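Pasted below: entry.cif, mmCIF, C-alpha atoms.
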data_final
loop_
_atom_site.label_atom_id
_atom_site.label_comp_id
_atom_site.auth_asym_id
_atom_site.auth_seq_id
_atom_site.Cartn_x
_atom_site.Cartn_y
_atom_site.Cartn_z
CA MET C 246 -6.94 -237.47 -58.40
CA GLU C 247 -4.11 -235.68 -60.21
CA GLN C 248 -6.56 -233.47 -62.07
CA ARG C 249 -8.43 -232.54 -58.85
CA LEU C 250 -5.20 -231.57 -57.12
CA ALA C 251 -4.18 -229.40 -60.08
CA ASN C 252 -7.52 -227.59 -59.89
CA THR C 253 -7.06 -227.07 -56.14
CA TRP C 254 -3.70 -225.41 -56.64
CA ARG C 255 -5.19 -222.92 -59.11
CA MET C 256 -8.05 -221.86 -56.79
CA THR C 257 -7.69 -219.37 -53.95
CA VAL C 258 -8.85 -219.97 -50.37
CA ASN C 259 -11.66 -217.43 -50.69
CA GLU C 260 -13.06 -219.20 -53.78
CA LYS C 261 -13.06 -222.54 -51.97
CA LYS C 262 -14.85 -221.14 -48.92
CA PHE C 263 -17.41 -219.39 -51.10
CA ILE C 264 -18.28 -222.62 -52.98
CA GLU C 265 -18.51 -224.65 -49.75
CA SER C 266 -20.72 -222.11 -47.97
CA ALA C 267 -23.02 -221.88 -51.01
CA LEU C 268 -23.43 -225.66 -51.18
CA VAL C 269 -24.26 -225.87 -47.46
CA SER C 270 -27.09 -223.40 -48.04
CA GLY C 271 -28.33 -225.39 -51.08
CA LEU C 272 -26.96 -223.10 -53.80
CA ARG C 273 -24.50 -223.70 -56.65
CA VAL C 274 -22.24 -221.25 -58.40
CA ASP C 275 -23.88 -221.71 -61.83
CA GLY C 276 -27.42 -221.36 -60.42
CA ARG C 277 -28.50 -224.99 -60.66
CA ASN C 278 -30.17 -227.08 -58.03
CA LEU C 279 -28.15 -229.77 -56.27
CA TYR C 280 -29.58 -232.62 -58.37
CA ASP C 281 -29.79 -230.89 -61.77
CA TYR C 282 -27.71 -231.67 -64.84
CA ARG C 283 -26.20 -229.10 -67.11
CA LYS C 284 -27.46 -228.71 -70.68
CA LEU C 285 -26.70 -231.85 -72.70
CA SER C 286 -26.37 -231.73 -76.49
CA ILE C 287 -25.25 -234.47 -78.89
CA ASN C 288 -23.91 -233.77 -82.38
CA PHE C 289 -23.06 -236.43 -84.96
CA GLY C 290 -20.36 -236.25 -87.61
CA LYS C 291 -20.61 -236.95 -91.32
CA GLU C 292 -19.35 -240.52 -90.92
CA ASP C 293 -21.14 -243.22 -88.98
CA GLY C 294 -19.82 -243.86 -85.49
CA SER C 295 -18.66 -240.36 -84.57
CA ALA C 296 -20.36 -238.16 -81.98
CA GLU C 297 -19.52 -235.03 -80.02
CA VAL C 298 -21.12 -234.40 -76.64
CA HIS C 299 -21.47 -231.02 -74.91
CA LEU C 300 -22.23 -231.14 -71.19
CA GLY C 301 -22.08 -227.53 -70.15
CA GLN C 302 -18.51 -226.47 -70.90
CA THR C 303 -17.29 -230.07 -71.08
CA ARG C 304 -16.72 -231.39 -74.61
CA VAL C 305 -15.89 -235.00 -75.48
CA MET C 306 -15.69 -236.65 -78.89
CA GLY C 307 -16.25 -240.38 -79.37
CA ILE C 308 -15.26 -242.34 -82.49
CA ALA C 309 -16.09 -246.02 -83.03
CA THR C 310 -14.13 -248.19 -85.47
CA SER C 311 -13.96 -251.91 -86.27
CA GLN C 312 -11.35 -254.42 -87.39
CA LEU C 313 -11.25 -258.15 -88.10
CA VAL C 314 -9.04 -259.97 -85.54
CA GLN C 315 -8.64 -263.43 -84.05
CA PRO C 316 -10.84 -264.10 -81.00
CA TYR C 317 -9.66 -265.05 -77.53
CA ARG C 318 -9.23 -268.76 -76.92
CA ASP C 319 -11.65 -268.88 -74.03
CA ARG C 320 -14.33 -267.05 -76.11
CA PRO C 321 -13.98 -268.13 -79.74
CA ASN C 322 -17.53 -267.05 -80.71
CA GLU C 323 -17.47 -263.51 -79.31
CA GLY C 324 -16.07 -260.24 -80.57
CA THR C 325 -14.23 -257.69 -78.47
CA LEU C 326 -15.00 -254.18 -77.23
CA SER C 327 -12.23 -251.86 -76.05
CA ILE C 328 -12.14 -248.21 -74.97
CA PHE C 329 -9.20 -245.83 -75.24
CA THR C 330 -9.02 -242.30 -73.85
CA GLU C 331 -6.86 -239.39 -74.97
CA PHE C 332 -6.27 -236.39 -72.71
CA SER C 333 -4.90 -233.40 -74.55
CA PRO C 334 -3.28 -230.36 -72.88
CA MET C 335 -5.62 -228.28 -75.01
CA ALA C 336 -8.52 -229.44 -72.83
CA ASP C 337 -6.79 -228.77 -69.49
CA PRO C 338 -3.29 -227.56 -68.62
CA SER C 339 -3.04 -230.30 -65.99
CA PHE C 340 -3.17 -232.98 -68.72
CA GLU C 341 0.18 -234.07 -70.06
CA PRO C 342 0.72 -235.52 -73.53
CA GLY C 343 2.10 -239.00 -74.00
CA ARG C 344 1.41 -241.78 -71.54
CA PRO C 345 -2.10 -241.61 -69.97
CA GLY C 346 -2.23 -240.62 -66.33
CA GLU C 347 -4.11 -242.08 -63.41
CA PHE C 348 -7.30 -240.17 -64.12
CA ALA C 349 -7.30 -241.21 -67.80
CA VAL C 350 -6.95 -244.89 -66.88
CA GLU C 351 -9.73 -244.61 -64.30
CA LEU C 352 -12.05 -242.93 -66.82
CA GLY C 353 -11.54 -245.69 -69.37
CA ARG C 354 -12.11 -248.45 -66.81
CA VAL C 355 -15.34 -246.96 -65.48
CA ILE C 356 -16.89 -246.71 -68.94
CA ASP C 357 -15.54 -250.10 -70.04
CA ARG C 358 -16.94 -251.79 -66.94
CA GLY C 359 -20.37 -250.30 -67.47
CA LEU C 360 -20.52 -251.48 -71.11
CA ARG C 361 -18.87 -254.89 -70.98
CA GLU C 362 -19.97 -256.20 -67.59
CA SER C 363 -23.60 -255.34 -68.30
CA ARG C 364 -23.51 -257.02 -71.75
CA ALA C 365 -24.93 -253.92 -73.37
CA VAL C 366 -23.44 -254.82 -76.75
CA ASP C 367 -24.11 -258.26 -78.21
CA THR C 368 -20.57 -259.51 -78.80
CA GLU C 369 -21.71 -262.88 -80.20
CA SER C 370 -23.18 -261.11 -83.24
CA LEU C 371 -19.66 -259.84 -84.01
CA CYS C 372 -18.43 -263.35 -84.81
CA VAL C 373 -17.66 -263.96 -88.49
CA LEU C 374 -15.89 -267.34 -88.41
CA ALA C 375 -15.81 -269.17 -85.09
CA GLY C 376 -12.32 -269.45 -83.65
CA LYS C 377 -10.72 -267.57 -86.56
CA LEU C 378 -12.18 -264.11 -87.24
CA VAL C 379 -14.34 -261.76 -85.19
CA TRP C 380 -15.00 -258.03 -85.22
CA ALA C 381 -13.08 -255.95 -82.68
CA ILE C 382 -14.92 -252.70 -81.84
CA ARG C 383 -12.73 -249.86 -80.64
CA ILE C 384 -13.97 -246.59 -79.10
CA ASP C 385 -11.61 -243.64 -78.93
CA LEU C 386 -12.63 -240.88 -76.52
CA HIS C 387 -10.97 -237.50 -77.08
CA ILE C 388 -11.29 -234.88 -74.32
CA LEU C 389 -11.66 -231.53 -76.08
CA ASP C 390 -12.51 -229.30 -73.11
CA ASN C 391 -12.57 -230.07 -69.40
CA GLY C 392 -15.46 -228.32 -67.70
CA GLY C 393 -16.00 -230.99 -65.03
CA ASN C 394 -17.64 -234.43 -64.86
CA LEU C 395 -15.70 -236.03 -67.71
CA VAL C 396 -17.01 -239.51 -66.85
CA ASP C 397 -20.65 -238.78 -67.66
CA ALA C 398 -19.84 -236.85 -70.83
CA ALA C 399 -17.46 -239.55 -72.09
CA ASN C 400 -20.02 -242.26 -71.33
CA VAL C 401 -22.70 -240.50 -73.38
CA ALA C 402 -20.22 -239.97 -76.22
CA ALA C 403 -19.36 -243.68 -76.27
CA LEU C 404 -23.02 -244.72 -76.32
CA ALA C 405 -23.88 -242.25 -79.09
CA ALA C 406 -20.94 -243.45 -81.21
CA LEU C 407 -21.93 -247.10 -80.75
CA SER C 408 -25.58 -246.36 -81.59
CA THR C 409 -24.69 -244.81 -84.95
CA PHE C 410 -21.81 -247.13 -85.85
CA ARG C 411 -22.24 -249.64 -88.70
CA ARG C 412 -19.83 -252.41 -89.57
CA PRO C 413 -19.35 -253.87 -93.08
CA GLU C 414 -21.30 -256.98 -93.96
CA CYS C 415 -19.31 -260.19 -94.40
CA SER C 416 -20.01 -263.46 -96.16
CA LEU C 417 -18.18 -266.78 -96.51
CA GLY C 418 -17.04 -268.03 -99.91
CA GLY C 419 -14.29 -269.95 -101.60
CA GLU C 420 -14.01 -273.63 -102.33
CA ASN C 421 -14.21 -274.77 -98.71
CA GLY C 422 -16.47 -271.95 -97.55
CA GLN C 423 -13.73 -270.64 -95.25
CA GLU C 424 -12.87 -267.50 -97.20
CA VAL C 425 -14.24 -264.29 -95.66
CA ILE C 426 -15.49 -261.64 -98.11
CA VAL C 427 -15.94 -258.12 -96.76
CA HIS C 428 -18.50 -256.24 -98.85
CA PRO C 429 -18.04 -252.47 -99.32
CA PRO C 430 -20.91 -250.09 -98.41
CA GLU C 431 -21.68 -249.56 -102.10
CA ALA C 432 -22.37 -253.25 -102.61
CA ARG C 433 -24.23 -254.06 -99.39
CA GLU C 434 -25.66 -251.90 -96.64
CA PRO C 435 -23.51 -251.93 -93.46
CA LEU C 436 -25.02 -253.51 -90.36
CA PRO C 437 -25.62 -251.66 -87.07
CA LEU C 438 -24.55 -253.08 -83.72
CA ILE C 439 -27.03 -254.96 -81.56
CA ILE C 440 -27.35 -252.93 -78.34
CA HIS C 441 -29.60 -254.41 -75.67
CA HIS C 442 -29.70 -251.40 -73.34
CA LEU C 443 -27.92 -248.12 -72.66
CA PRO C 444 -25.92 -248.02 -69.38
CA ILE C 445 -25.87 -244.39 -68.22
CA ALA C 446 -23.18 -243.15 -65.83
CA VAL C 447 -24.27 -240.62 -63.17
CA THR C 448 -21.55 -239.00 -61.05
CA PHE C 449 -22.07 -237.62 -57.51
CA ALA C 450 -19.70 -235.35 -55.59
CA PHE C 451 -19.49 -235.51 -51.76
CA PHE C 452 -18.25 -232.72 -49.55
CA SER C 453 -17.00 -232.49 -45.95
CA ASP C 454 -20.56 -232.47 -44.74
CA GLU C 455 -21.99 -235.96 -45.36
CA SER C 456 -25.47 -234.63 -46.00
CA THR C 457 -24.28 -232.45 -48.92
CA LEU C 458 -23.98 -234.10 -52.32
CA VAL C 459 -24.44 -232.78 -55.87
CA VAL C 460 -25.02 -234.31 -59.31
CA ASP C 461 -22.83 -233.43 -62.28
CA PRO C 462 -20.06 -231.46 -60.50
CA THR C 463 -18.37 -228.63 -62.37
CA HIS C 464 -14.67 -227.88 -62.69
CA GLN C 465 -14.65 -225.71 -59.57
CA GLU C 466 -16.77 -228.11 -57.49
CA GLU C 467 -14.40 -230.98 -58.28
CA ALA C 468 -11.57 -228.95 -56.75
CA VAL C 469 -13.50 -228.58 -53.47
CA MET C 470 -15.18 -232.01 -53.18
CA ALA C 471 -14.03 -234.59 -50.64
CA GLY C 472 -15.10 -237.68 -52.60
CA ARG C 473 -16.85 -238.90 -55.72
CA MET C 474 -19.00 -241.86 -56.75
CA THR C 475 -20.17 -242.93 -60.21
CA ALA C 476 -23.21 -245.19 -60.56
CA THR C 477 -24.04 -246.77 -63.95
CA LEU C 478 -27.69 -247.75 -64.46
CA ASN C 479 -30.11 -248.36 -67.33
CA THR C 480 -33.76 -247.41 -67.82
CA ASN C 481 -34.94 -250.60 -66.08
CA GLY C 482 -33.16 -249.57 -62.88
CA ASP C 483 -30.53 -252.30 -63.17
CA ILE C 484 -27.20 -251.39 -61.59
CA CYS C 485 -24.48 -252.04 -64.16
CA ALA C 486 -21.46 -250.72 -62.21
CA ILE C 487 -20.50 -248.55 -59.22
CA GLN C 488 -17.18 -246.75 -58.84
CA LYS C 489 -16.12 -245.05 -55.57
CA ALA C 490 -12.93 -243.11 -56.26
CA GLY C 491 -11.40 -242.82 -52.77
CA GLY C 492 -12.04 -239.91 -50.46
CA GLU C 493 -14.20 -239.94 -47.37
CA GLY C 494 -16.46 -242.84 -46.53
CA VAL C 495 -20.15 -242.74 -47.46
CA PRO C 496 -22.88 -244.46 -45.41
CA GLN C 497 -25.22 -246.98 -46.96
CA SER C 498 -28.27 -244.73 -46.71
CA VAL C 499 -26.52 -242.06 -48.82
CA ILE C 500 -25.58 -244.64 -51.45
CA MET C 501 -29.19 -245.85 -51.76
CA HIS C 502 -30.33 -242.26 -52.04
CA CYS C 503 -27.83 -241.72 -54.84
CA LEU C 504 -29.03 -244.81 -56.70
CA ARG C 505 -32.64 -243.60 -56.66
CA ILE C 506 -31.60 -240.25 -58.08
CA ALA C 507 -29.39 -241.96 -60.68
CA ALA C 508 -32.31 -244.09 -61.91
CA THR C 509 -34.39 -241.02 -62.78
CA LYS C 510 -31.44 -239.23 -64.40
CA ALA C 511 -30.55 -242.33 -66.44
CA ALA C 512 -34.08 -242.49 -67.85
CA ASP C 513 -33.96 -238.85 -68.96
CA ILE C 514 -30.55 -239.17 -70.60
CA THR C 515 -31.58 -242.40 -72.36
CA VAL C 516 -34.56 -240.63 -73.95
CA LYS C 517 -32.26 -237.82 -75.07
CA ILE C 518 -29.82 -240.24 -76.72
CA ARG C 519 -32.51 -242.28 -78.46
CA ASP C 520 -34.26 -239.21 -79.84
CA THR C 521 -31.06 -237.79 -81.29
CA VAL C 522 -30.04 -241.14 -82.75
CA GLU C 523 -33.48 -241.60 -84.34
CA ALA C 524 -33.29 -238.13 -85.89
CA TYR C 525 -29.82 -238.95 -87.24
CA ASN C 526 -31.03 -242.23 -88.78
CA THR C 527 -33.98 -240.57 -90.51
CA GLU C 528 -31.73 -237.88 -91.94
CA ARG C 529 -29.28 -240.53 -93.09
CA ALA C 530 -32.08 -242.44 -94.84
CA LEU C 531 -33.22 -239.29 -96.65
CA GLN C 532 -29.69 -238.55 -97.81
CA LYS C 533 -29.39 -242.10 -99.08
CA ILE C 534 -32.61 -241.74 -101.10
CA LYS C 535 -31.35 -238.50 -102.64
CA ARG C 536 -27.98 -240.07 -103.41
CA HIS C 537 -29.50 -243.09 -105.22
CA SER C 538 -32.10 -241.11 -107.19
CA ALA C 539 -31.85 -240.96 -111.01
CA PRO C 540 -29.27 -238.32 -112.00
CA VAL C 541 -30.79 -235.50 -114.06
CA ALA C 542 -28.80 -232.51 -115.34
CA LEU C 543 -30.53 -229.44 -113.95
CA ASP C 544 -30.10 -225.85 -115.01
CA VAL C 545 -30.80 -222.75 -112.91
CA SER C 546 -34.04 -222.20 -114.79
CA GLY C 547 -34.91 -225.89 -114.67
CA THR C 548 -35.64 -226.08 -118.44
CA VAL C 549 -32.71 -228.22 -119.56
CA PRO C 550 -34.16 -231.63 -118.63
CA ASN C 551 -37.32 -231.04 -120.72
CA VAL C 552 -35.29 -229.95 -123.72
CA ARG C 553 -33.05 -232.97 -123.47
CA LYS C 554 -36.00 -235.28 -123.08
CA ASN C 555 -37.69 -233.76 -126.18
CA GLN C 556 -34.46 -234.07 -128.17
CA VAL C 557 -34.14 -237.68 -127.19
CA LYS C 558 -37.74 -238.34 -128.14
CA SER C 559 -37.36 -236.63 -131.56
CA GLU C 560 -34.17 -238.55 -132.30
CA ASP C 561 -35.89 -241.80 -131.34
CA GLN C 562 -38.84 -240.96 -133.59
CA ARG C 563 -36.51 -240.20 -136.49
CA GLU C 564 -34.70 -243.47 -136.03
CA VAL C 565 -37.99 -245.37 -135.89
CA SER C 566 -39.41 -243.64 -138.98
CA GLY C 567 -36.16 -244.18 -140.89
CA SER C 568 -36.09 -247.85 -140.01
CA VAL C 569 -39.75 -248.28 -141.00
CA GLY C 570 -39.12 -246.53 -144.33
CA THR C 571 -36.19 -248.77 -145.18
CA GLN C 572 -38.20 -251.85 -144.29
CA VAL C 573 -41.10 -250.73 -146.55
CA GLU C 574 -38.74 -250.10 -149.43
CA LYS C 575 -37.25 -253.55 -149.00
CA LEU C 576 -40.73 -255.09 -149.20
CA LYS C 577 -41.51 -253.34 -152.53
CA PRO C 578 -40.95 -255.36 -155.74
CA MET C 579 -37.92 -254.69 -157.90
CA ASN C 580 -39.96 -253.10 -160.76
CA GLU C 581 -41.43 -250.46 -158.48
CA ARG C 582 -37.98 -249.65 -157.06
CA LYS C 583 -36.53 -249.16 -160.58
CA ASN C 584 -39.45 -246.95 -161.68
CA SER C 585 -39.15 -244.80 -158.57
CA ASP C 586 -35.39 -244.39 -159.09
CA GLN C 587 -35.90 -243.44 -162.78
CA SER C 588 -38.60 -240.91 -161.92
CA ASN C 589 -36.32 -239.29 -159.32
CA ASP C 590 -33.51 -238.94 -161.89
CA ILE C 591 -35.89 -237.44 -164.48
CA GLU C 592 -37.21 -234.92 -161.98
CA GLU C 593 -33.68 -233.78 -161.07
CA THR C 594 -32.70 -233.28 -164.74
CA SER C 595 -35.93 -231.42 -165.50
CA LYS C 596 -35.36 -229.05 -162.57
CA PHE C 597 -31.81 -228.33 -163.74
CA SER C 598 -32.95 -227.62 -167.34
CA LYS C 599 -35.76 -225.45 -166.08
CA LYS C 600 -33.33 -223.30 -164.08
CA GLN C 601 -31.08 -222.89 -167.13
CA LYS C 602 -33.97 -221.77 -169.33
CA GLU C 603 -35.19 -219.30 -166.73
CA SER C 604 -31.71 -217.76 -166.43
CA GLN C 605 -31.46 -217.45 -170.22
CA SER C 606 -34.88 -215.86 -170.43
CA LYS C 607 -33.95 -213.25 -167.81
CA LYS C 608 -30.79 -212.30 -169.72
CA SER C 609 -32.70 -211.99 -173.01
CA THR C 610 -35.37 -209.76 -171.45
CA GLN C 611 -32.72 -207.41 -170.05
CA GLN C 612 -30.97 -207.02 -173.43
CA ALA C 613 -34.08 -206.76 -175.64
CA SER C 614 -36.12 -203.58 -176.28
CA PRO C 615 -39.51 -203.03 -174.66
CA LYS C 616 -41.34 -203.52 -177.98
CA GLY C 617 -39.77 -206.84 -178.72
CA SER C 618 -40.00 -208.05 -175.18
CA ALA C 619 -43.67 -208.88 -175.38
CA GLU C 620 -43.22 -210.82 -178.61
CA GLU C 621 -40.22 -212.71 -177.23
CA MET C 622 -42.10 -213.53 -174.05
CA LYS C 623 -44.95 -214.89 -176.10
CA ALA C 624 -42.47 -216.99 -178.07
CA ILE C 625 -40.71 -218.23 -174.93
CA SER C 626 -43.87 -218.97 -172.99
CA PRO C 627 -44.97 -221.88 -175.20
CA ALA C 628 -41.48 -223.31 -174.95
CA THR C 629 -41.55 -223.11 -171.15
CA GLU C 630 -45.03 -224.61 -171.11
CA SER C 631 -43.86 -227.44 -173.30
CA ALA C 632 -40.87 -228.01 -170.97
CA LYS C 633 -43.21 -228.15 -168.00
CA ILE C 634 -45.49 -230.55 -169.78
CA ALA C 635 -42.50 -232.65 -170.82
CA SER C 636 -41.22 -232.76 -167.27
CA GLN C 637 -44.63 -233.85 -166.08
CA THR C 638 -44.89 -236.50 -168.79
CA HIS C 639 -41.53 -238.02 -167.88
CA GLY C 640 -43.24 -239.56 -164.92
CA GLU C 641 -45.82 -242.29 -165.13
CA LYS C 642 -47.80 -242.26 -168.42
CA THR C 643 -51.58 -242.04 -168.41
CA LEU C 644 -54.39 -241.76 -170.99
CA LYS C 645 -54.11 -237.95 -170.94
CA ASP C 646 -50.54 -238.22 -172.26
CA ALA C 647 -51.81 -239.99 -175.40
CA VAL C 648 -53.86 -236.91 -176.39
CA LYS C 649 -51.75 -234.10 -177.91
CA PRO C 650 -52.30 -230.54 -176.81
CA LYS C 651 -54.12 -228.15 -179.16
CA HIS C 652 -51.08 -226.08 -180.17
CA LYS C 653 -49.30 -229.25 -181.37
CA ARG C 654 -52.12 -230.60 -183.45
CA LYS C 655 -51.68 -230.37 -187.30
CA LYS C 656 -54.25 -228.33 -189.19
CA LYS C 657 -55.94 -230.30 -191.97
CA ALA C 658 -55.94 -228.79 -195.50
CA PRO C 659 -59.41 -227.89 -196.84
CA SER C 660 -60.66 -230.57 -199.21
CA ALA C 661 -62.20 -229.98 -202.64
CA VAL C 662 -65.55 -231.23 -201.48
CA ASP C 663 -65.78 -228.55 -198.82
CA GLY C 664 -64.83 -225.83 -201.37
CA SER C 665 -67.52 -226.89 -203.71
#
Starting from the coordinates I provided, produce the structure as C-alpha cells.
Amino acid sequence: MEQRLANTWRMTVNEKKFIESALVSGLRVDGRNLYDYRKLSINFGKEDGSAEVHLGQTRVMGIATSQLVQPYRDRPNEGTLSIFTEFSPMADPSFEPGRPGEFAVELGRVIDRGLRESRAVDTESLCVLAGKLVWAIRIDLHILDNGGNLVDAANVAALAALSTFRRPECSLGGENGQEVIVHPPEAREPLPLIIHHLPIAVTFAFFSDESTLVVDPTHQEEAVMAGRMTATLNTNGDICAIQKAGGEGVPQSVIMHCLRIAATKAADITVKIRDTVEAYNTERALQKIKRHSAPVALDVSGTVPNVRKNQVKSEDQREVSGSVGTQVEKLKPMNERKNSDQSNDIEETSKFSKKQKESQSKKSTQQASPKGSAEEMKAISPATESAKIASQTHGEKTLKDAVKPKHKRKKKAPSAVDGS
C-alpha cells in the first residue's frame, strides 16, 4: 500500500487518465494484451541455491541457505522453512532502509503461505536427529529493481533457488550413535531438496471498472489500480493460497475467472522453471566431470604430455633393465664374476698404454726426417701389432693363443745333413 501511494504521488493526472482510458479500450502502455506476462528470464549464480529473476524491468535475487537447529516441540521430526525480504532504496526511492515496511511484510507472507501451507517442500526429509537437530532452510529475497509485480517475480526467484539448492549430507556416529557428522562437498555429494510441486503466484490488478482486470501489472499500472489479488496454484490446478490486498470488492464470478487464467499461466511458468533448472543441472554435472578428470599438464602446442609420457616410459625401462642386469649378475657364479672383473681391468690398462704409444709415435714422426720416417714406422708397426695382440690375449685364452705368430718364431740353423 505504501509503495502504491508513493507511485501515485509521482504520476501526473494526465498520465493516470491516459492509462485508465487505454485499459478500458483493451490496450496497455507497453503493448501487451490484458492477460499477457512480460518476458521472464532466470539466471543462476556460481553457487548452488542462488537465482536472479528478470520479469520485464523487475529484478529479484533469491538465495537459499541451510543451518542445523533444534526443531519445534510440536513438530520434532520436521525441518523449518522461512522467507526474509530485503527492500533496498536502490530498487525504488519509496523503499526505506532498516525495518521492513508493510509491503515487505505482506510480500514475505504471501510467498511463505504458498510454499508452507501447500507442503511443497518435504520438511520431514530435513530431519537429522529426531527432537534434537533438523535443517532450517532460509530464503533471502533481495529486490534489485522495482518494475511492478514484485510478488510474482519474488515467488519465481524463491522456487528457482530452492530447486538448485543442495544441503550437506549428514551421518550419525560416535559411541552412542548420537553424534552428527556433517560431510563436506568434497567427501560426499550434497543432497537436493525434495520438492513435490511448484506453487506459482499469479497477480491480478483491478481497476474502477469491475470488468477490467490485467495480469502482471507494471509500475505505472500499480499506481492506478483500485485493488489487487494474488492466486497461488500449481500445474495440477490446486489452489495453494489466495491473497486479496484490500481495495474494492470483487464478485465471485470475477474470482473464478481469475483462477482459470491463473491455472494456465502457472503451467507455463512451471515449464519455464523446470527447463532452466534442468539445463543448470546438466551444466553442473559436466563441470563436475571436468573437475574430477585426471590432471594433465598441457602446453599451447599440446606436445608436452606426450614428451612427459615418453620420458616416464624410458626411465621406467631403464630402471627395469638395470634391475634385471643386477639380478643376472647376482645369479652368476663367483668364478665368472672374478674373470669378468679381471678382463675389464686388463682392457682399461691396455687402452691407456695404447694411447701413450700412439702419442709417442706421433711425436717421433714429427721430429724425424722423411727418409727415416718410413723405416721408423716399419719398426714401430710390429711393436703396435704386438701390443694389440697382447691386449687381445689378455682376455680369455684359446687354442690360437698357444700358436706363436710367424715373426716370433725362431729360425732353425741348417744342419750338416742338409748341407751335404
Contacts of Ile264 in chain C within 8 Å, all atoms listed in the file, excl. fewer than 5 positions in-chain, as a PyMOL selection string | chain C and resi 273-274+466+469
Evaluate the PyMOL selection byres ((chain C and resi 460) around 8) and record the selected residues as an MDAnalysis selection string, following the chain and residue labels used in the document.
-> chainID C and resid 279:282 447:450 458:459 461:462
Expand the PyMOL selection byres ((chain C and resi 399) around 10) into the individual residues it matches in the shown file, reporting them as an MDAnalysis selection string.
-> chainID C and resid 297:300 303:307 330 352:353 356 385:388 394:398 400:405 446
Restricted to C-alpha atoms, what would the selected residues look like written as a PDB file, in the frame of the given file?
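The resulting file, result_15.pdb, is reproduced below:
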ATOM      1  CA  GLU C 297     -19.520-235.030 -80.020  1.00  0.00           C
ATOM      2  CA  VAL C 298     -21.120-234.400 -76.640  1.00  0.00           C
ATOM      3  CA  HIS C 299     -21.470-231.020 -74.910  1.00  0.00           C
ATOM      4  CA  LEU C 300     -22.230-231.140 -71.190  1.00  0.00           C
ATOM      5  CA  THR C 303     -17.290-230.070 -71.080  1.00  0.00           C
ATOM      6  CA  ARG C 304     -16.720-231.390 -74.610  1.00  0.00           C
ATOM      7  CA  VAL C 305     -15.890-235.000 -75.480  1.00  0.00           C
ATOM      8  CA  MET C 306     -15.690-236.650 -78.890  1.00  0.00           C
ATOM      9  CA  GLY C 307     -16.250-240.380 -79.370  1.00  0.00           C
ATOM     10  CA  THR C 330      -9.020-242.300 -73.850  1.00  0.00           C
ATOM     11  CA  LEU C 352     -12.050-242.930 -66.820  1.00  0.00           C
ATOM     12  CA  GLY C 353     -11.540-245.690 -69.370  1.00  0.00           C
ATOM     13  CA  ILE C 356     -16.890-246.710 -68.940  1.00  0.00           C
ATOM     14  CA  ASP C 385     -11.610-243.640 -78.930  1.00  0.00           C
ATOM     15  CA  LEU C 386     -12.630-240.880 -76.520  1.00  0.00           C
ATOM     16  CA  HIS C 387     -10.970-237.500 -77.080  1.00  0.00           C
ATOM     17  CA  ILE C 388     -11.290-234.880 -74.320  1.00  0.00           C
ATOM     18  CA  ASN C 394     -17.640-234.430 -64.860  1.00  0.00           C
ATOM     19  CA  LEU C 395     -15.700-236.030 -67.710  1.00  0.00           C
ATOM     20  CA  VAL C 396     -17.010-239.510 -66.850  1.00  0.00           C
ATOM     21  CA  ASP C 397     -20.650-238.780 -67.660  1.00  0.00           C
ATOM     22  CA  ALA C 398     -19.840-236.850 -70.830  1.00  0.00           C
ATOM     23  CA  ASN C 400     -20.020-242.260 -71.330  1.00  0.00           C
ATOM     24  CA  VAL C 401     -22.700-240.500 -73.380  1.00  0.00           C
ATOM     25  CA  ALA C 402     -20.220-239.970 -76.220  1.00  0.00           C
ATOM     26  CA  ALA C 403     -19.360-243.680 -76.270  1.00  0.00           C
ATOM     27  CA  LEU C 404     -23.020-244.720 -76.320  1.00  0.00           C
ATOM     28  CA  ALA C 405     -23.880-242.250 -79.090  1.00  0.00           C
ATOM     29  CA  ALA C 446     -23.180-243.150 -65.830  1.00  0.00           C
TER      30      ALA C 446
END
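For Val427 in chain C, the list of residues within 8 Å, based on only C-alpha atoms and with local chain neighbours fewer than 2 positions off taken out, reads Pro413, Glu414, Cys415, Ser416, Val425 and Pro429 of chain C.
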Point-to-point distance in Å for CA of Ala381 in chain C and CA of Thr325 in chain C =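 About the pair CA of Thr325 in chain C and CA of Ala381 in chain C: they are 4.7 Å apart.
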